[in-house]
file input.txt (compact mmCIF, C-alpha atoms (C1' of nucleotides))
# COMPACT_ATOMS: atom_id res chain seq x y z
CA MET I 1 -32.82 -59.08 15.01
CA THR I 2 -32.30 -56.53 17.67
CA GLN I 3 -33.62 -56.88 21.14
CA LEU I 4 -36.51 -54.56 20.52
CA SER I 5 -37.45 -55.29 16.94
CA ASN I 6 -40.48 -57.38 17.89
CA ILE I 7 -42.07 -54.59 19.87
CA PRO I 8 -44.51 -52.71 17.64
CA MET I 9 -43.68 -49.04 17.48
CA ARG I 10 -46.35 -46.87 18.97
CA HIS I 11 -48.00 -44.77 16.36
CA PHE I 12 -47.01 -41.16 16.35
CA ASP I 13 -50.49 -40.09 17.45
CA ARG I 14 -50.23 -42.18 20.64
CA SER I 15 -47.68 -39.77 21.98
CA LEU I 16 -48.42 -38.35 25.39
CA PRO I 17 -46.58 -35.07 24.80
CA MET I 18 -48.46 -34.59 21.52
CA ALA I 19 -51.84 -35.45 23.06
CA LEU I 20 -51.25 -32.95 25.86
CA LEU I 21 -50.05 -30.35 23.39
CA ARG I 22 -53.08 -30.72 21.12
CA ALA I 23 -55.46 -30.55 24.07
CA ARG I 24 -53.75 -27.44 25.34
CA GLU I 25 -53.91 -25.84 21.91
CA ALA I 26 -57.62 -26.53 21.63
CA VAL I 27 -58.24 -25.00 25.05
CA MET I 28 -56.07 -21.96 24.39
CA LYS I 29 -57.95 -21.24 21.19
CA LYS I 30 -60.88 -20.39 23.46
CA PHE I 31 -58.96 -18.10 25.78
CA SER I 32 -56.26 -16.42 23.71
CA PRO I 33 -58.38 -14.20 21.42
CA ALA I 34 -59.91 -12.12 24.21
CA LEU I 35 -56.50 -11.71 25.84
CA LYS I 36 -54.91 -10.66 22.59
CA GLU I 37 -57.61 -8.05 22.02
CA HIS I 38 -56.40 -6.48 25.24
CA GLY I 39 -52.73 -6.82 24.36
CA LEU I 40 -51.94 -9.67 26.74
CA SER I 41 -50.19 -12.95 26.06
CA PRO I 42 -51.36 -16.03 27.98
CA GLN I 43 -48.21 -15.80 30.12
CA GLN I 44 -48.75 -12.12 30.94
CA TRP I 45 -52.32 -13.00 31.89
CA ARG I 46 -51.14 -15.72 34.26
CA VAL I 47 -48.90 -13.23 36.04
CA ILE I 48 -51.67 -10.66 36.37
CA ARG I 49 -54.08 -13.29 37.59
CA VAL I 50 -51.82 -14.57 40.34
CA LEU I 51 -51.05 -11.01 41.46
CA VAL I 52 -54.75 -10.24 41.80
CA GLU I 53 -55.07 -13.26 44.06
CA GLU I 54 -52.05 -12.47 46.20
CA ASP I 55 -51.52 -8.74 45.82
CA THR I 56 -47.75 -8.92 46.35
CA LEU I 57 -45.31 -11.71 45.52
CA ASP I 58 -41.61 -11.91 44.84
CA ALA I 59 -40.42 -12.98 41.41
CA THR I 60 -39.47 -16.50 42.42
CA GLU I 61 -42.92 -17.17 43.83
CA ILE I 62 -44.58 -15.82 40.70
CA ALA I 63 -42.42 -18.06 38.55
CA GLU I 64 -43.41 -21.13 40.54
CA ARG I 65 -47.10 -20.39 40.55
CA CYS I 66 -47.26 -19.47 36.87
CA ALA I 67 -44.99 -22.28 35.67
CA LEU I 68 -42.60 -19.81 34.11
CA LEU I 69 -38.82 -19.91 34.12
CA MET I 70 -37.10 -16.94 35.66
CA PRO I 71 -35.62 -15.58 32.44
CA SER I 72 -39.06 -15.52 30.81
CA LEU I 73 -40.63 -13.98 33.87
CA SER I 74 -37.92 -11.35 34.05
CA ARG I 75 -38.80 -10.13 30.56
CA ILE I 76 -42.52 -10.37 31.21
CA LEU I 77 -42.26 -8.25 34.38
CA GLN I 78 -40.21 -5.62 32.54
CA ASN I 79 -42.95 -5.49 29.93
CA LEU I 80 -45.83 -5.28 32.42
CA GLU I 81 -44.00 -2.69 34.49
CA ARG I 82 -43.36 -0.56 31.42
CA ARG I 83 -47.10 -0.67 30.68
CA LYS I 84 -47.85 0.22 34.31
CA LEU I 85 -49.92 -2.93 34.86
CA VAL I 86 -47.69 -3.91 37.78
CA TRP I 87 -45.13 -2.12 39.93
CA ARG I 88 -42.11 -3.29 41.86
CA GLU I 89 -40.07 -2.46 44.89
CA THR I 90 -36.97 -4.00 46.38
CA ALA I 91 -37.62 -5.95 49.57
CA ARG I 92 -36.30 -4.03 52.56
CA ASP I 93 -35.04 -7.07 54.42
CA ASP I 94 -33.42 -8.71 51.37
CA GLN I 95 -32.23 -6.42 48.63
CA ARG I 96 -31.98 -9.29 46.18
CA ARG I 97 -35.73 -9.81 46.17
CA SER I 98 -38.05 -7.86 43.92
CA LEU I 99 -41.59 -7.56 45.28
CA VAL I 100 -44.21 -7.22 42.58
CA SER I 101 -47.73 -5.85 42.97
CA ILE I 102 -50.67 -5.37 40.66
CA SER I 103 -51.52 -1.74 39.82
CA GLY I 104 -54.96 -0.18 39.66
CA LYS I 105 -54.73 -0.29 35.91
CA GLY I 106 -53.76 -3.96 36.05
CA ARG I 107 -56.62 -4.75 38.39
CA ARG I 108 -59.11 -3.01 36.11
CA LEU I 109 -57.81 -4.97 33.13
CA PHE I 110 -58.27 -8.14 35.13
CA GLN I 111 -61.83 -7.19 36.00
CA THR I 112 -62.58 -6.59 32.34
CA LEU I 113 -61.15 -9.89 31.16
CA SER I 114 -62.11 -12.18 34.01
CA PRO I 115 -65.82 -12.54 33.21
CA ILE I 116 -65.04 -13.18 29.55
CA ASN I 117 -62.66 -15.97 30.49
CA GLU I 118 -65.07 -17.43 33.02
CA ALA I 119 -67.68 -17.60 30.29
CA ARG I 120 -65.25 -19.50 28.03
CA TYR I 121 -64.48 -21.83 30.89
CA ALA I 122 -68.19 -22.42 31.46
CA PHE I 123 -68.58 -23.21 27.77
CA ILE I 124 -65.85 -25.86 27.94
CA THR I 125 -67.29 -27.32 31.13
CA GLU I 126 -70.72 -27.57 29.57
CA ARG I 127 -69.49 -29.14 26.36
CA PHE I 128 -67.11 -31.60 27.93
CA GLY I 129 -69.09 -32.29 31.08
CA TYR I 130 -68.30 -31.29 34.63
CA GLY I 131 -67.57 -34.82 35.79
CA LYS I 132 -65.18 -35.51 32.98
CA LEU I 133 -63.39 -32.26 33.60
CA GLU I 134 -62.89 -33.13 37.26
CA LEU I 135 -61.69 -36.58 36.27
CA LEU I 136 -59.25 -35.04 33.80
CA TYR I 137 -57.84 -32.73 36.49
CA GLU I 138 -57.39 -35.70 38.79
CA LEU I 139 -55.64 -37.77 36.16
CA LEU I 140 -53.33 -34.91 35.20
CA ASP I 141 -52.41 -34.28 38.82
CA GLU I 142 -51.77 -37.94 39.41
CA LEU I 143 -49.69 -38.22 36.27
CA VAL I 144 -47.40 -35.43 37.45
CA GLU I 145 -47.21 -36.95 40.91
CA LYS I 146 -46.32 -40.42 39.68
CA ILE I 147 -43.73 -39.19 37.21
CA ASP I 148 -42.01 -36.93 39.71
CA GLU I 149 -42.11 -39.49 42.54
CA ASP I 150 -38.43 -40.11 43.30
CA SER I 151 -37.21 -41.55 39.93
CA MET D 152 -73.44 -5.75 41.86
CA THR D 153 -72.52 -7.08 38.51
CA GLN D 154 -74.11 -10.06 36.93
CA LEU D 155 -71.22 -12.34 37.78
CA SER D 156 -70.08 -11.05 41.14
CA ASN D 157 -71.72 -13.85 43.08
CA ILE D 158 -69.88 -16.58 41.20
CA PRO D 159 -66.83 -17.64 43.20
CA MET D 160 -63.63 -17.21 41.25
CA ARG D 161 -61.98 -20.47 40.41
CA HIS D 162 -58.66 -20.82 42.11
CA PHE D 163 -55.68 -20.29 39.88
CA ASP D 164 -54.65 -23.93 40.20
CA ARG D 165 -57.94 -25.14 38.73
CA SER D 166 -56.92 -23.79 35.36
CA LEU D 167 -57.15 -26.23 32.51
CA PRO D 168 -54.33 -24.63 30.48
CA MET D 169 -52.07 -24.71 33.54
CA ALA D 170 -52.95 -28.31 34.40
CA LEU D 171 -52.19 -29.40 30.84
CA LEU D 172 -48.98 -27.39 30.82
CA ARG D 173 -47.72 -28.87 34.08
CA ALA D 174 -48.52 -32.39 32.95
CA ARG D 175 -46.71 -31.82 29.69
CA GLU D 176 -43.70 -30.41 31.51
CA ALA D 177 -43.53 -33.44 33.79
CA VAL D 178 -43.68 -35.79 30.80
CA MET D 179 -41.12 -33.85 28.79
CA LYS D 180 -38.69 -33.98 31.68
CA LYS D 181 -38.50 -37.69 30.95
CA PHE D 182 -37.93 -37.36 27.22
CA SER D 183 -35.96 -34.16 26.69
CA PRO D 184 -32.61 -35.06 28.25
CA ALA D 185 -31.83 -37.94 25.90
CA LEU D 186 -32.85 -35.82 22.92
CA LYS D 187 -30.69 -32.95 24.07
CA GLU D 188 -27.70 -35.22 24.47
CA HIS D 189 -28.04 -35.90 20.77
CA GLY D 190 -28.56 -32.26 19.87
CA LEU D 191 -32.28 -32.49 19.14
CA SER D 192 -35.12 -30.34 20.42
CA PRO D 193 -38.46 -32.02 21.05
CA GLN D 194 -39.80 -30.37 17.91
CA GLN D 195 -36.92 -31.57 15.76
CA TRP D 196 -37.51 -35.06 17.13
CA ARG D 197 -41.19 -34.94 16.18
CA VAL D 198 -40.23 -34.09 12.60
CA ILE D 199 -37.66 -36.89 12.39
CA ARG D 200 -40.11 -39.34 13.89
CA VAL D 201 -42.89 -38.61 11.43
CA LEU D 202 -40.45 -38.81 8.52
CA VAL D 203 -39.29 -42.24 9.61
CA GLU D 204 -42.91 -43.36 9.56
CA GLU D 205 -43.73 -41.87 6.17
CA ASP D 206 -40.38 -41.54 4.42
CA THR D 207 -41.44 -38.52 2.37
CA LEU D 208 -43.90 -35.75 3.17
CA ASP D 209 -44.40 -32.18 2.05
CA ALA D 210 -43.93 -29.38 4.54
CA THR D 211 -47.62 -28.73 5.07
CA GLU D 212 -48.27 -32.36 5.96
CA ILE D 213 -45.37 -32.39 8.40
CA ALA D 214 -46.67 -29.25 10.07
CA GLU D 215 -50.11 -30.81 10.55
CA ARG D 216 -48.82 -34.08 11.90
CA CYS D 217 -46.29 -32.50 14.25
CA ALA D 218 -48.57 -29.71 15.45
CA LEU D 219 -46.10 -27.09 14.28
CA LEU D 220 -46.86 -23.81 12.57
CA MET D 221 -45.27 -23.32 9.18
CA PRO D 222 -42.86 -20.56 10.24
CA SER D 223 -41.46 -22.77 12.99
CA LEU D 224 -41.27 -25.76 10.70
CA SER D 225 -39.54 -23.73 8.02
CA ARG D 226 -36.71 -22.89 10.43
CA ILE D 227 -36.58 -26.43 11.79
CA LEU D 228 -36.26 -27.93 8.31
CA GLN D 229 -33.46 -25.51 7.43
CA ASN D 230 -31.66 -26.63 10.57
CA LEU D 231 -32.17 -30.36 9.98
CA GLU D 232 -31.19 -30.01 6.33
CA ARG D 233 -28.00 -28.15 7.23
CA ARG D 234 -27.12 -31.01 9.60
CA LYS D 235 -27.91 -33.53 6.84
CA LEU D 236 -30.53 -35.30 8.93
CA VAL D 237 -33.14 -34.73 6.21
CA TRP D 238 -33.04 -33.71 2.56
CA ARG D 239 -35.47 -31.92 0.30
CA GLU D 240 -36.48 -31.74 -3.31
CA THR D 241 -39.05 -29.66 -5.12
CA ALA D 242 -42.10 -31.64 -6.23
CA ARG D 243 -42.05 -32.13 -10.00
CA ASP D 244 -45.77 -31.69 -10.47
CA ASP D 245 -46.07 -28.66 -8.18
CA GLN D 246 -43.02 -26.49 -7.84
CA ARG D 247 -44.43 -24.80 -4.75
CA ARG D 248 -44.23 -27.98 -2.74
CA SER D 249 -41.10 -29.04 -0.92
CA LEU D 250 -40.83 -32.81 -0.41
CA VAL D 251 -38.84 -33.76 2.67
CA SER D 252 -37.21 -37.12 3.34
CA ILE D 253 -35.23 -38.60 6.19
CA SER D 254 -31.55 -39.24 5.43
CA GLY D 255 -29.53 -42.30 6.39
CA LYS D 256 -27.91 -40.25 9.11
CA GLY D 257 -31.32 -39.14 10.34
CA ARG D 258 -32.61 -42.70 10.33
CA ARG D 259 -29.63 -43.90 12.33
CA LEU D 260 -30.14 -41.13 14.87
CA PHE D 261 -33.77 -42.22 15.15
CA GLN D 262 -32.73 -45.81 15.70
CA THR D 263 -30.37 -44.73 18.46
CA LEU D 264 -32.95 -42.63 20.27
CA SER D 265 -36.09 -44.62 19.72
CA PRO D 266 -35.39 -47.43 22.22
CA ILE D 267 -34.36 -44.92 24.86
CA ASN D 268 -37.63 -43.06 24.43
CA GLU D 269 -39.66 -46.26 24.40
CA ALA D 270 -38.08 -47.16 27.71
CA ARG D 271 -39.08 -43.80 29.15
CA TYR D 272 -42.58 -44.32 27.84
CA ALA D 273 -42.73 -47.75 29.43
CA PHE D 274 -41.62 -46.22 32.72
CA ILE D 275 -44.46 -43.72 32.63
CA THR D 276 -46.97 -46.39 31.66
CA GLU D 277 -45.87 -48.57 34.52
CA ARG D 278 -45.94 -45.81 37.09
CA PHE D 279 -49.22 -44.28 36.02
CA GLY D 280 -50.97 -47.48 34.96
CA TYR D 281 -51.88 -48.63 31.49
CA GLY D 282 -55.61 -48.26 32.04
CA LYS D 283 -55.31 -44.73 33.33
CA LEU D 284 -53.07 -43.77 30.45
CA GLU D 285 -55.62 -45.05 27.94
CA LEU D 286 -58.36 -43.21 29.80
CA LEU D 287 -56.31 -40.04 29.73
CA TYR D 288 -55.80 -40.33 25.96
CA GLU D 289 -59.53 -40.80 25.50
CA LEU D 290 -60.39 -37.80 27.65
CA LEU D 291 -57.88 -35.58 25.88
CA ASP D 292 -59.16 -36.61 22.47
CA GLU D 293 -62.73 -36.04 23.51
CA LEU D 294 -61.88 -32.66 25.01
CA VAL D 295 -60.40 -31.50 21.70
CA GLU D 296 -63.37 -32.90 19.81
CA LYS D 297 -65.96 -31.22 21.98
CA ILE D 298 -64.19 -27.87 22.01
CA ASP D 299 -63.68 -27.79 18.26
CA GLU D 300 -67.21 -29.02 17.47
CA ASP D 301 -68.74 -26.13 15.47
CA SER D 302 -68.63 -23.23 17.99
C1' DG H 303 -54.22 -16.19 -23.11
C1' DG H 304 -54.19 -13.16 -19.17
C1' DA H 305 -55.82 -10.92 -14.88
C1' DA H 306 -57.43 -12.16 -10.47
C1' DT H 307 -57.30 -15.39 -6.86
C1' DA H 308 -55.51 -19.12 -4.16
C1' DA H 309 -52.01 -22.13 -2.29
C1' DA H 310 -47.24 -23.37 -0.46
C1' DC H 311 -43.46 -21.83 1.55
C1' DA H 312 -40.26 -18.25 3.40
C1' DT H 313 -39.15 -14.11 5.98
C1' DA H 314 -39.86 -10.48 9.49
C1' DA H 315 -40.73 -9.04 14.04
C1' DC H 316 -41.61 -9.74 18.58
C1' DA H 317 -42.71 -12.79 22.73
C1' DT H 318 -41.55 -16.95 25.12
C1' DG H 319 -38.77 -21.44 26.25
C1' DT H 320 -34.34 -22.93 27.65
C1' DT H 321 -29.59 -23.24 29.21
C1' DA H 322 -25.50 -20.87 30.58
C1' DA H 323 -23.23 -17.09 32.51
C1' DA H 324 -23.14 -12.55 34.89
C1' DT H 325 -24.31 -9.50 38.74
C1' DA H 326 -25.63 -8.22 43.19
C1' DT H 327 -26.79 -9.33 47.76
C1' DA H 328 -27.00 -12.53 51.71
C1' DC H 329 -25.16 -16.15 54.45
C1' DT H 330 -21.59 -19.27 56.71
C1' DC H 331 -18.01 -20.35 59.24
C1' DA H 332 -13.17 -20.57 60.14
C1' DT R 333 -14.05 -9.98 59.83
C1' DG R 334 -13.52 -11.82 55.39
C1' DA R 335 -13.15 -15.51 51.96
C1' DG R 336 -16.02 -18.74 50.10
C1' DT R 337 -20.59 -20.19 49.08
C1' DA R 338 -25.46 -19.72 48.23
C1' DT R 339 -29.53 -17.19 46.59
C1' DA R 340 -32.32 -13.80 43.64
C1' DT R 341 -32.51 -11.73 39.56
C1' DT R 342 -30.84 -10.31 35.03
C1' DT R 343 -28.65 -10.82 30.60
C1' DA R 344 -27.08 -13.44 26.59
C1' DA R 345 -27.79 -16.54 22.91
C1' DC R 346 -30.35 -19.49 20.32
C1' DA R 347 -34.71 -22.22 19.21
C1' DT R 348 -39.65 -22.04 18.99
C1' DG R 349 -44.55 -19.80 19.07
C1' DT R 350 -47.32 -16.51 16.69
C1' DT R 351 -49.18 -13.12 13.48
C1' DA R 352 -48.40 -10.44 9.44
C1' DT R 353 -46.41 -10.01 5.09
C1' DG R 354 -43.66 -11.34 0.95
C1' DT R 355 -42.60 -14.47 -2.92
C1' DT R 356 -43.30 -17.93 -6.09
C1' DT R 357 -46.14 -21.11 -8.45
C1' DA R 358 -51.03 -22.99 -9.53
C1' DT R 359 -55.57 -22.44 -10.51
C1' DT R 360 -59.83 -20.09 -12.06
C1' DC R 361 -62.54 -17.90 -14.99
C1' DC R 362 -63.56 -14.41 -18.30

call {"tool": "encode", "arguments": {"input": "input.txt", "output": "C-alpha cells"}}
result
Amino acid sequence: MTQLSNIPMRHFDRSLPMALLRAREAVMKKFSPALKEHGLSPQQWRVIRVLVEEDTLDATEIAERCALLMPSLSRILQNLERRKLVWRETARDDQRRSLVSISGKGRRLFQTLSPINEARYAFITERFGYGKLELLYELLDELVEKIDEDS
Amino acid sequence: MTQLSNIPMRHFDRSLPMALLRAREAVMKKFSPALKEHGLSPQQWRVIRVLVEEDTLDATEIAERCALLMPSLSRILQNLERRKLVWRETARDDQRRSLVSISGKGRRLFQTLSPINEARYAFITERFGYGKLELLYELLDELVEKIDEDS
DNA sequence: GGAATAAACATAACATGTTAAATATACTCA
DNA sequence: TGAGTATATTTAACATGTTATGTTTATTCC
C-alpha cells in the first residue's frame, strides 16, 4: 500500500476550481447576453468600465484592475481603439507608456449598458440575499489573501 | 434625471464575476504548475480525472462533468488521444456516440499527479480553514441554484 | 419505407488565456 | 557617456471559450 492509499479521494465535484468556475458561469449567464447584443465581450466591458471610473490609465494599470494579462489586453485595446470606443496617446514623460482614455462613444455605450447590468446585479442580490452575497465576497477575498500569503 | 441616476454605482471591485475570477486565479496558481510540468492544461487534467473515476464515458457526459463546451472538448480529446493518454471507440448501439476511456499511460500520469494536487488542496484547506471552505462550497452551490432557478 | 426532425460530434472563425520572445524606451552606474 | 539592465508594450504560437454551421447517425411519424 502506498502512503496515501488510505486517504479517500475527494469527489470530482468537491473541487474548488470547478466550484468557482461553475459559479462564475452561472453569474456570467446573467450579464453576457446584454453585452453581446452591444458587441462587447465581458473582458472588453471590464476595460470600458474601469476607464469610465478613472478616465485615463496606462495599459499596465488597466491590466491589473481588470485581471487581464498584457497580451490579452493589448489585443483588446487594439480592438476597442479600432471601434473608436477608446483612444490612446503616448505618455510625454515616458514614451514606453500608452495612456488610454474612454471616448464619447465609449461613454455613451457604458451609459446604455450600465443600468441593464445593475438590474441583473439587483436580481442576483435579491435571489441570493444581500447578507450572503456580502459573506461570499468576504470569503473570496480572504481565500485569495490566505493563499497568496507568503507561501 | 433618469430613473437610476440616484443609485450609487457599485465600485468596480465589488463585481461578483471579478471576485470569482480572482479567487479562481489564486487557487489555480497552486495547481497549475505541477500540471504544466507534466504537459497538462487544467482542462486536460479535468478530463483525465473524471475518466479515472468513471473509466468510460461518452463525450457529452465528459463535457457536462468537466464544465467544458463540446468544441473545446473535441479538441482536447484529439490531443489526449494523440498522446495516448486516452482512447476511443464508437458505441456499438449508437454510432454517433464516442466512448472515451483512460489508458494505462493516462492512469499512471494521474497517479503521479494526484498526490501532488491533494497536497496543494490540503495546504489551501489548512490556510483557509476547513469550516470556511465548506461554507464557501455551500454558498457557491446555493448561488448557482438561486440564479438558475426558473428565471 | 421514407421524409422530416433530433441528437452527437466535428469543424470554422474569432476572441481570450498563457508563456516566450521581440521591440522600444528608460534607467543605472562604472 | 555608454554598456548593461530594467520596464512597457507588442507579437508569436498554441490551447481554450464561444457561437454558428456542417456531418453523420437515430428517431419519429405519416

call {"tool": "interface_residues", "arguments": {"input": "input.txt", "of": "chain D", "to": "chain H", "cutoff": "9 Å", "atoms": "all atoms listed in the file", "output": "list in words"}}
result
Ala210, Thr211, Met221, Pro222, Ser225, Arg247, Arg248 and Ser249 of chain D

call {"tool": "closest_atom_pairs", "arguments": {"input": "input.txt", "of": "region 11-92 of chain I", "to": "region 167-179 of chain D", "cutoff": "10 Å", "atoms": "only C-alpha atoms", "output": "tab-separated table"}}
result
residue	atom	partner	partner_atom	distance
I:Leu16	CA	D:Val178	CA	7.6
I:Pro17	CA	D:Arg175	CA	5.9
I:Met18	CA	D:Arg175	CA	8.8
I:Ala19	CA	D:Arg175	CA	9.1
I:Leu20	CA	D:Arg175	CA	6.0
I:Leu21	CA	D:Arg175	CA	7.3
I:Arg22	CA	D:Leu171	CA	9.8
I:Ala23	CA	D:Leu171	CA	7.6
I:Arg24	CA	D:Pro168	CA	5.9
I:Glu25	CA	D:Pro168	CA	8.7
I:Ala26	CA	D:Pro168	CA	9.6
I:Val27	CA	D:Pro168	CA	6.7
I:Met28	CA	D:Pro168	CA	6.9
I:Phe31	CA	D:Pro168	CA	9.3
I:Pro42	CA	D:Pro168	CA	9.4
I:Arg46	CA	D:Met169	CA	9.1
I:Arg65	CA	D:Met169	CA	9.6
I:Cys66	CA	D:Met169	CA	7.9
I:Ala67	CA	D:Arg173	CA	7.3

call {"tool": "interface_residues", "arguments": {"input": "input.txt", "of": "chain R", "to": "chain D", "cutoff": "12 Å", "atoms": "all atoms listed in the file", "output": "list in words"}}
result
DC346, DA347, DT348, DG349, DT350, DT351, DA352, DT355, DT356, DT357, DA358 and DT359 of chain R

call {"tool": "atom_distance", "arguments": {"input": "input.txt", "atom1": "CA of Lys84 (chain I)", "atom2": "CA of Leu51 (chain I)"}}
result
13.7 Å

call {"tool": "atom_distance", "arguments": {"input": "input.txt", "atom1": "CA of Arg239 (chain D)", "atom2": "CA of Ile253 (chain D)"}}
result
8.9 Å

call {"tool": "residues_around", "arguments": {"input": "input.txt", "residues": "Leu264 (chain D)", "least_positions_apart": "6", "cutoff": "9 Å", "atoms": "all atoms listed in the file", "output": "list in words"}}
result
Ala185, Leu186 and His189 of chain D

call {"tool": "atom_distance", "arguments": {"input": "input.txt", "atom1": "CA of Gly39 (chain I)", "atom2": "CA of Tyr137 (chain I)"}}
result
29.1 Å

call {"tool": "closest_residue", "arguments": {"input": "input.txt", "among": "I:Asp150, I:Phe110, I:Val47, I:Phe12", "to": "chain D", "atoms": "only C-alpha atoms"}}
result
I:Phe12

call {"tool": "closest_residue", "arguments": {"input": "input.txt", "among": "D:Leu286, D:Leu250, D:Leu228, D:Ile275", "to": "Ile147 (chain I)", "atoms": "all atoms listed in the file"}}
result
D:Ile275

call {"tool": "build_atoms", "arguments": {"input": "input.txt", "residues": "region 177-192 of chain D", "atoms": "N, CA and C atoms", "output": "PDB file, in the coordinates of the input"}}
result
ATOM      1  N   ALA D 177     -43.983 -32.262  33.050  1.00  0.00           N
ATOM      2  CA  ALA D 177     -43.530 -33.440  33.790  1.00  0.00           C
ATOM      3  C   ALA D 177     -43.159 -34.560  32.822  1.00  0.00           C
ATOM      4  N   VAL D 178     -43.965 -34.742  31.784  1.00  0.00           N
ATOM      5  CA  VAL D 178     -43.680 -35.790  30.800  1.00  0.00           C
ATOM      6  C   VAL D 178     -42.409 -35.467  30.025  1.00  0.00           C
ATOM      7  N   MET D 179     -42.286 -34.222  29.611  1.00  0.00           N
ATOM      8  CA  MET D 179     -41.120 -33.850  28.790  1.00  0.00           C
ATOM      9  C   MET D 179     -39.813 -33.974  29.559  1.00  0.00           C
ATOM     10  N   LYS D 180     -39.899 -33.803  30.879  1.00  0.00           N
ATOM     11  CA  LYS D 180     -38.690 -33.980  31.680  1.00  0.00           C
ATOM     12  C   LYS D 180     -38.106 -35.370  31.505  1.00  0.00           C
ATOM     13  N   LYS D 181     -38.962 -36.325  31.161  1.00  0.00           N
ATOM     14  CA  LYS D 181     -38.500 -37.690  30.950  1.00  0.00           C
ATOM     15  C   LYS D 181     -37.872 -37.882  29.574  1.00  0.00           C
ATOM     16  N   PHE D 182     -38.360 -37.120  28.603  1.00  0.00           N
ATOM     17  CA  PHE D 182     -37.930 -37.360  27.220  1.00  0.00           C
ATOM     18  C   PHE D 182     -36.831 -36.404  26.748  1.00  0.00           C
ATOM     19  N   SER D 183     -36.878 -35.175  27.217  1.00  0.00           N
ATOM     20  CA  SER D 183     -35.960 -34.160  26.690  1.00  0.00           C
ATOM     21  C   SER D 183     -34.474 -34.449  26.879  1.00  0.00           C
ATOM     22  N   PRO D 184     -34.061 -34.938  28.042  1.00  0.00           N
ATOM     23  CA  PRO D 184     -32.610 -35.060  28.250  1.00  0.00           C
ATOM     24  C   PRO D 184     -31.906 -35.915  27.217  1.00  0.00           C
ATOM     25  N   ALA D 185     -32.477 -37.077  26.889  1.00  0.00           N
ATOM     26  CA  ALA D 185     -31.830 -37.940  25.900  1.00  0.00           C
ATOM     27  C   ALA D 185     -31.786 -37.255  24.536  1.00  0.00           C
ATOM     28  N   LEU D 186     -32.835 -36.546  24.195  1.00  0.00           N
ATOM     29  CA  LEU D 186     -32.850 -35.820  22.920  1.00  0.00           C
ATOM     30  C   LEU D 186     -31.742 -34.767  22.908  1.00  0.00           C
ATOM     31  N   LYS D 187     -31.679 -34.029  23.996  1.00  0.00           N
ATOM     32  CA  LYS D 187     -30.690 -32.950  24.070  1.00  0.00           C
ATOM     33  C   LYS D 187     -29.274 -33.474  23.954  1.00  0.00           C
ATOM     34  N   GLU D 188     -29.034 -34.620  24.574  1.00  0.00           N
ATOM     35  CA  GLU D 188     -27.700 -35.220  24.470  1.00  0.00           C
ATOM     36  C   GLU D 188     -27.306 -35.467  23.014  1.00  0.00           C
ATOM     37  N   HIS D 189     -28.304 -35.674  22.188  1.00  0.00           N
ATOM     38  CA  HIS D 189     -28.040 -35.900  20.770  1.00  0.00           C
ATOM     39  C   HIS D 189     -28.325 -34.661  19.925  1.00  0.00           C
ATOM     40  N   GLY D 190     -28.437 -33.515  20.597  1.00  0.00           N
ATOM     41  CA  GLY D 190     -28.560 -32.260  19.870  1.00  0.00           C
ATOM     42  C   GLY D 190     -29.906 -32.015  19.218  1.00  0.00           C
ATOM     43  N   LEU D 191     -30.948 -32.668  19.738  1.00  0.00           N
ATOM     44  CA  LEU D 191     -32.280 -32.490  19.140  1.00  0.00           C
ATOM     45  C   LEU D 191     -33.237 -31.822  20.131  1.00  0.00           C
ATOM     46  N   SER D 192     -34.012 -30.880  19.640  1.00  0.00           N
ATOM     47  CA  SER D 192     -35.120 -30.340  20.420  1.00  0.00           C
ATOM     48  C   SER D 192     -36.306 -31.283  20.283  1.00  0.00           C
TER      49      SER D 192
END
